[in-house]
Amino acid sequence: MPLTDLPLDALRDYRPDLPAPAGFDAFWAETLDEAREHGGSPAVSPVRDHLLPALEVHDVRFPGWNGEPVAAWLLLPRDAGSPLPLVVKYMGYSGGRGLPTDHVLMPAAGYAHLVVDSRGQGHDTPDHGTGQGTQWVEGVMTRGIEDPRNHYYRRLVTDCVRAVDAARALPGVDPERVVVSGASQGGGLALAVAGLAGDLVRAALVDVPFLCHYRRGADVASDGPYLELVQYLRRHSQGMAETAFATLDHFDGVHFAARATAPALFSVGLMDPVCPPSTVFAAYHRYAGERDIRVWRYADHGGGYGANPPEQLAWLRGQGLAPKPA
C-alpha cells in the first residue's frame, strides 16, 4: 500500500478553510434538546453466561434519538470497588456492539466500558429513519442526504451524545471521568460527542477518524464508505452534489473539533485509503482543546494496530484518568 495522500510535512500544515454551515450550533442545540425532552433512564440488566469470570457484564438500553432505545454493553472489572472512569466506545462503520468478548481490553485495564450499538448497523438497534429521499444501495452514508434534519448521522450522533448522558446513571461509574473513544466511524463519533457534550466529556480517543472533511474524502479516498457518496453523486445532477455536501457539513468532524475542549489523542495512518490522512489532520488542526496525535507512517486503516492501545492507556494515565487501585 503506497502513501495515499499528502506527505507528512504538508499534512502538518494542512489547514483548509472550512466554515461551518449557518445555524450549525442552533441545529445541534435543537436536536439534542428534542432528544433530551423524551427523558428516560437507562435499563441495566446483568448478563449471566458471558464466559468472562473476571468481569461483570450488563446489557444496557438507554434512550437515544426520539427516545428510541439504544443497545449497549457495560463491562466492569469484577469487585472493582470505588466508581471507575468510564470509556465509552463507538463502533466502526457497518458494525454494532457485537459480543461482550469483543471488548475486554479496557475492563482488563481497570476501566468501566460502555460499548454503544450503532442504529441500523448492528443487530440490536433498528433505524426507523425519516424523510422520503433515495440513497445508494450500500451502507448509510447517503440515507436522508437531501436534508440535514433527515440524515442518518443526525440520529446516530444524537444516540452517541445520549450515551454520555446515560453514563451518569450507570452502576460503578464515575460520571466526572467519562472518556469517549472509537476508530474510523467510531473515531468520528467520539469527535462529534466531544464537540457536543461539553463538560460531560473528560477526554477523547480519536483513532483514524471517519466523517471528517467529506469533500476531500470523496475526492481522494480509494476504499471504504466515502465511495458510497461518490457512487450516489455519479448518478445524480451536479446540483445534487451541493445539496449533499451542504447536508454533510452538519456532521463534519472538522466543525465538531472546533467546539471540543476536552484533551484528545488522535491517531492517523499515512497509507490509509479509507480515511485519507488529510481529512484527519483537517480535524486535528481545528481541535480547540489540548491535543496530541500518533502518526503511523506505514499504517493503512488499521492505524497502529496492537501498538495503539498501550499508547492510549499511557496517555490516559498522563491525563489523570487511570483507575484507582481497588
# chains A, B, ... in the order shown; residues from 1 in each chain; ligands from 1
$ residues_around --residues "range 245-257 of chain A" --least-positions-apart "5" --cutoff "8 Å" --atoms "only C-alpha atoms" --output "CSV table (one decimal) with C-alpha atoms, in the first residue's frame"
chain,number,residue,atom,x,y,z
A,18,LEU,CA,-13.9,25.0,6.1
A,19,PRO,CA,-16.6,27.3,7.6
A,20,ALA,CA,-19.4,25.6,9.5
A,21,PRO,CA,-22.8,25.9,7.9
A,24,PHE,CA,-24.8,24.8,12.9
A,145,ILE,CA,-28.9,13.2,2.3
A,146,GLU,CA,-31.4,15.6,0.8
A,147,ASP,CA,-31.9,17.4,4.2
A,148,PRO,CA,-29.7,17.5,7.4
A,151,HIS,CA,-29.9,12.4,7.6
A,153,TYR,CA,-26.0,10.7,11.1
A,154,ARG,CA,-28.2,13.2,12.9
A,188,GLY,CA,-15.7,10.4,14.1
A,191,LEU,CA,-15.1,13.6,18.0
A,192,ALA,CA,-18.7,14.7,17.5
A,193,VAL,CA,-19.6,13.9,21.1
A,194,ALA,CA,-16.5,15.7,22.4
A,195,GLY,CA,-17.8,18.8,20.5
A,196,LEU,CA,-21.4,18.5,21.6
A,211,LEU,CA,-16.7,11.6,9.0
A,212,CYS,CA,-14.2,14.4,8.6
A,213,HIS,CA,-13.7,16.8,5.7
A,214,TYR,CA,-16.2,14.9,3.5
A,215,ARG,CA,-15.4,16.8,0.3
A,282,ALA,CA,-8.0,18.9,8.9
A,283,ALA,CA,-10.0,17.9,12.1
A,284,TYR,CA,-6.9,17.6,14.3
A,286,ARG,CA,-9.1,22.6,14.2
A,287,TYR,CA,-9.4,20.8,17.6
A,288,ALA,CA,-9.9,23.5,20.2
$ closest_atom_pairs --of "range 129-201 of chain A" --to "range 313-316 of chain A" --cutoff "12 Å" --atoms "only C-alpha atoms" --output "tab-separated table"
residue	atom	partner	partner_atom	distance
A:Arg177	CA	A:Leu316	CA	10.7
A:Val178	CA	A:Leu316	CA	11.2
A:Val179	CA	A:Leu316	CA	9.0
A:Val180	CA	A:Leu316	CA	11.5
A:Ser181	CA	A:Leu316	CA	11.6
$ write_last_selection --atoms "C-alpha atoms" --output "PDB file, in the first residue's frame"
ATOM      1  CA  ARG A 177     -14.365  10.796  34.388  1.00  0.00           C
ATOM      2  CA  VAL A 178     -16.026   9.880  31.096  1.00  0.00           C
ATOM      3  CA  VAL A 179     -13.801   9.234  28.071  1.00  0.00           C
ATOM      4  CA  VAL A 180     -15.243   8.891  24.549  1.00  0.00           C
ATOM      5  CA  SER A 181     -13.425   6.647  22.093  1.00  0.00           C
TER       6      SER A 181
END
$ atom_distance --atom1 "CA of Asn66 in chain A" --atom2 "CA of Val88 in chain A"
20.9 Å
$ residues_around --residues "Gly40 in chain A" --least-positions-apart "3" --cutoff "8 Å" --atoms "only C-alpha atoms" --output "JSON, numbers by chain"
{"A": [62, 63, 67]}
$ closest_residue --among "A:Arg78, A:Arg97, A:Arg149, A:His301" --to "Leu52 in chain A" --atoms "only C-alpha atoms"
A:Arg78
$ select_by_dssp --residues "range 27-70 of chain A" --states "strand (DSSP E or B)" --output "list in words"
Ala43, Val44, Ser45, Pro46, Leu55, Glu56, Val57, His58, Asp59, Val60, Arg61, Phe62, Pro63, Pro69 and Val70 of chain A
$ write_last_selection --atoms "all heavy atoms" --output "mmCIF file, in the first residue's frame"
data_model
loop_
_atom_site.group_PDB
_atom_site.id
_atom_site.type_symbol
_atom_site.label_atom_id
_atom_site.label_comp_id
_atom_site.auth_asym_id
_atom_site.auth_seq_id
_atom_site.Cartn_x
_atom_site.Cartn_y
_atom_site.Cartn_z
ATOM 1 N N ALA A 43 -31.914 1.251 31.209
ATOM 2 C CA ALA A 43 -32.282 -0.023 31.809
ATOM 3 C C ALA A 43 -31.055 -0.920 31.788
ATOM 4 O O ALA A 43 -30.461 -1.140 30.726
ATOM 5 C CB ALA A 43 -33.429 -0.666 31.046
ATOM 6 N N VAL A 44 -30.663 -1.421 32.945
ATOM 7 C CA VAL A 44 -29.422 -2.185 33.089
ATOM 8 C C VAL A 44 -29.761 -3.575 33.617
ATOM 9 O O VAL A 44 -30.366 -3.714 34.680
ATOM 10 C CB VAL A 44 -28.450 -1.473 34.046
ATOM 11 C CG1 VAL A 44 -27.142 -2.251 34.154
ATOM 12 C CG2 VAL A 44 -28.190 -0.043 33.595
ATOM 13 N N SER A 45 -29.382 -4.601 32.855
ATOM 14 C CA SER A 45 -29.685 -5.988 33.235
ATOM 15 C C SER A 45 -28.409 -6.813 33.218
ATOM 16 O O SER A 45 -27.670 -6.800 32.218
ATOM 17 C CB SER A 45 -30.690 -6.606 32.249
ATOM 18 O OG SER A 45 -31.869 -5.829 32.174
ATOM 19 N N PRO A 46 -28.116 -7.560 34.283
ATOM 20 C CA PRO A 46 -26.900 -8.385 34.287
ATOM 21 C C PRO A 46 -26.979 -9.510 33.260
ATOM 22 O O PRO A 46 -28.033 -10.093 33.031
ATOM 23 C CB PRO A 46 -26.845 -8.937 35.707
ATOM 24 C CG PRO A 46 -28.244 -8.854 36.217
ATOM 25 C CD PRO A 46 -28.868 -7.675 35.545
ATOM 26 N N LEU A 55 -14.927 -10.403 34.841
ATOM 27 C CA LEU A 55 -15.697 -9.203 34.549
ATOM 28 C C LEU A 55 -17.155 -9.359 34.942
ATOM 29 O O LEU A 55 -17.687 -10.470 34.996
ATOM 30 C CB LEU A 55 -15.630 -8.873 33.054
ATOM 31 C CG LEU A 55 -14.257 -8.708 32.415
ATOM 32 C CD1 LEU A 55 -14.408 -8.376 30.940
ATOM 33 C CD2 LEU A 55 -13.434 -7.648 33.123
ATOM 34 N N GLU A 56 -17.792 -8.227 35.189
ATOM 35 C CA GLU A 56 -19.245 -8.144 35.226
ATOM 36 C C GLU A 56 -19.710 -7.593 33.875
ATOM 37 O O GLU A 56 -19.089 -6.668 33.341
ATOM 38 C CB GLU A 56 -19.718 -7.207 36.327
ATOM 39 C CG GLU A 56 -19.382 -7.638 37.727
ATOM 40 C CD GLU A 56 -19.835 -6.617 38.752
ATOM 41 O OE1 GLU A 56 -20.647 -5.732 38.396
ATOM 42 O OE2 GLU A 56 -19.368 -6.695 39.903
ATOM 43 N N VAL A 57 -20.775 -8.147 33.337
ATOM 44 C CA VAL A 57 -21.301 -7.698 32.056
ATOM 45 C C VAL A 57 -22.786 -7.394 32.223
ATOM 46 O O VAL A 57 -23.526 -8.194 32.805
ATOM 47 C CB VAL A 57 -21.094 -8.749 30.949
ATOM 48 C CG1 VAL A 57 -21.670 -8.254 29.626
ATOM 49 C CG2 VAL A 57 -19.606 -9.070 30.787
ATOM 50 N N HIS A 58 -23.197 -6.244 31.712
ATOM 51 C CA HIS A 58 -24.596 -5.839 31.780
ATOM 52 C C HIS A 58 -25.078 -5.456 30.388
ATOM 53 O O HIS A 58 -24.348 -4.819 29.615
ATOM 54 C CB HIS A 58 -24.782 -4.634 32.712
ATOM 55 C CG HIS A 58 -24.314 -4.882 34.113
ATOM 56 N ND1 HIS A 58 -25.142 -5.374 35.098
ATOM 57 C CD2 HIS A 58 -23.094 -4.707 34.689
ATOM 58 C CE1 HIS A 58 -24.466 -5.482 36.229
ATOM 59 N NE2 HIS A 58 -23.218 -5.088 36.000
ATOM 60 N N ASP A 59 -26.288 -5.849 30.082
ATOM 61 C CA ASP A 59 -26.979 -5.345 28.893
ATOM 62 C C ASP A 59 -27.626 -4.019 29.274
ATOM 63 O O ASP A 59 -28.318 -3.920 30.294
ATOM 64 C CB ASP A 59 -28.049 -6.334 28.437
ATOM 65 C CG ASP A 59 -28.818 -5.824 27.236
ATOM 66 O OD1 ASP A 59 -28.349 -6.037 26.106
ATOM 67 O OD2 ASP A 59 -29.873 -5.189 27.436
ATOM 68 N N VAL A 60 -27.395 -2.996 28.468
ATOM 69 C CA VAL A 60 -27.920 -1.651 28.737
ATOM 70 C C VAL A 60 -28.797 -1.229 27.571
ATOM 71 O O VAL A 60 -28.441 -1.441 26.406
ATOM 72 C CB VAL A 60 -26.769 -0.639 28.928
ATOM 73 C CG1 VAL A 60 -27.308 0.774 29.115
ATOM 74 C CG2 VAL A 60 -25.884 -1.037 30.109
ATOM 75 N N ARG A 61 -29.921 -0.606 27.882
ATOM 76 C CA ARG A 61 -30.771 0.037 26.877
ATOM 77 C C ARG A 61 -31.053 1.455 27.382
ATOM 78 O O ARG A 61 -31.635 1.636 28.456
ATOM 79 C CB ARG A 61 -32.087 -0.729 26.683
ATOM 80 C CG ARG A 61 -31.910 -2.227 26.376
ATOM 81 C CD ARG A 61 -31.261 -2.469 25.031
ATOM 82 N NE ARG A 61 -30.775 -3.834 24.903
ATOM 83 C CZ ARG A 61 -31.145 -4.665 23.931
ATOM 84 N NH1 ARG A 61 -32.018 -4.276 23.004
ATOM 85 N NH2 ARG A 61 -30.636 -5.882 23.877
ATOM 86 N N PHE A 62 -30.592 2.440 26.628
ATOM 87 C CA PHE A 62 -30.773 3.832 27.044
ATOM 88 C C PHE A 62 -31.535 4.595 25.969
ATOM 89 O O PHE A 62 -31.506 4.223 24.787
ATOM 90 C CB PHE A 62 -29.412 4.498 27.320
ATOM 91 C CG PHE A 62 -28.521 4.633 26.106
ATOM 92 C CD1 PHE A 62 -28.610 5.741 25.277
ATOM 93 C CD2 PHE A 62 -27.587 3.651 25.802
ATOM 94 C CE1 PHE A 62 -27.789 5.873 24.164
ATOM 95 C CE2 PHE A 62 -26.760 3.773 24.696
ATOM 96 C CZ PHE A 62 -26.867 4.888 23.870
ATOM 97 N N PRO A 63 -32.222 5.685 26.328
ATOM 98 C CA PRO A 63 -32.988 6.433 25.332
ATOM 99 C C PRO A 63 -32.080 7.272 24.439
ATOM 100 O O PRO A 63 -31.246 8.039 24.918
ATOM 101 C CB PRO A 63 -33.903 7.318 26.187
ATOM 102 C CG PRO A 63 -33.196 7.455 27.494
ATOM 103 C CD PRO A 63 -32.435 6.173 27.696
ATOM 104 N N PRO A 69 -34.949 3.221 22.187
ATOM 105 C CA PRO A 69 -33.926 2.517 22.957
ATOM 106 C C PRO A 69 -32.722 2.137 22.094
ATOM 107 O O PRO A 69 -32.868 1.630 20.982
ATOM 108 C CB PRO A 69 -34.655 1.281 23.480
ATOM 109 C CG PRO A 69 -35.801 1.079 22.540
ATOM 110 C CD PRO A 69 -36.203 2.445 22.072
ATOM 111 N N VAL A 70 -31.545 2.384 22.649
ATOM 112 C CA VAL A 70 -30.274 2.044 22.012
ATOM 113 C C VAL A 70 -29.590 1.001 22.881
ATOM 114 O O VAL A 70 -29.514 1.146 24.114
ATOM 115 C CB VAL A 70 -29.376 3.282 21.864
ATOM 116 C CG1 VAL A 70 -28.038 2.909 21.223
ATOM 117 C CG2 VAL A 70 -30.087 4.358 21.042
#
$ select_by_dssp --residues "range 62-242 of chain A" --states "alpha helix (DSSP H)" --output "PyMOL selection string"
chain A and resi 105-108+152-167+185-196+214-220+226-234+238-242
$ closest_residue --among "A:Ala190, A:Ala183, A:Ala112, A:Leu6" --to "Leu170 in chain A" --atoms "only C-alpha atoms"
A:Ala112
$ closest_residue --among "A:Gly186, A:Pro77, A:Pro16, A:Gly110" --to "Gly95 in chain A" --atoms "only C-alpha atoms"
A:Gly186
$ residues_around --residues "Gly64 in chain A" --least-positions-apart "4" --cutoff "12 Å" --atoms "only C-alpha atoms" --output "ChimeraX atom specification"
/A:31-42,68-72,116-119,125-127,154-166
$ residues_around --residues "Gly318 in chain A" --least-positions-apart "3" --cutoff "12 Å" --atoms "only C-alpha atoms" --output "JSON, numbers by chain"
{"A": [203, 263, 264, 265, 311, 312, 313, 314, 315, 321, 322, 323]}
$ write_last_selection --atoms "N, CA and C atoms" --output "compact mmCIF listing (two decimals), in the first residue's frame"
# COMPACT_ATOMS: atom_id res chain seq x y z
N ALA A 203 -12.19 13.34 28.31
CA ALA A 203 -11.12 13.12 27.34
C ALA A 203 -11.69 12.36 26.15
N PRO A 263 -9.23 17.22 26.51
CA PRO A 263 -8.00 16.72 25.88
C PRO A 263 -8.30 15.53 24.97
N ALA A 264 -7.56 15.46 23.86
CA ALA A 264 -7.82 14.40 22.88
C ALA A 264 -6.51 13.82 22.37
N LEU A 265 -6.53 12.51 22.16
CA LEU A 265 -5.43 11.81 21.50
C LEU A 265 -5.96 11.25 20.19
N GLU A 311 -0.37 3.02 23.80
CA GLU A 311 -0.26 4.47 23.70
C GLU A 311 -1.46 5.15 24.36
N GLN A 312 -2.65 4.61 24.13
CA GLN A 312 -3.85 5.20 24.71
C GLN A 312 -3.85 5.08 26.24
N LEU A 313 -3.51 3.90 26.74
CA LEU A 313 -3.52 3.69 28.18
C LEU A 313 -2.50 4.60 28.87
N ALA A 314 -1.33 4.72 28.28
CA ALA A 314 -0.32 5.61 28.87
C ALA A 314 -0.78 7.06 28.83
N TRP A 315 -1.41 7.45 27.74
CA TRP A 315 -1.90 8.83 27.61
C TRP A 315 -3.00 9.10 28.64
N LEU A 321 -6.39 9.87 34.45
CA LEU A 321 -7.60 9.07 34.26
C LEU A 321 -7.36 7.58 34.43
N ALA A 322 -6.24 7.21 35.05
CA ALA A 322 -6.02 5.79 35.35
C ALA A 322 -6.95 5.38 36.48
N PRO A 323 -7.50 4.16 36.42
CA PRO A 323 -8.34 3.69 37.53
C PRO A 323 -7.55 3.65 38.82
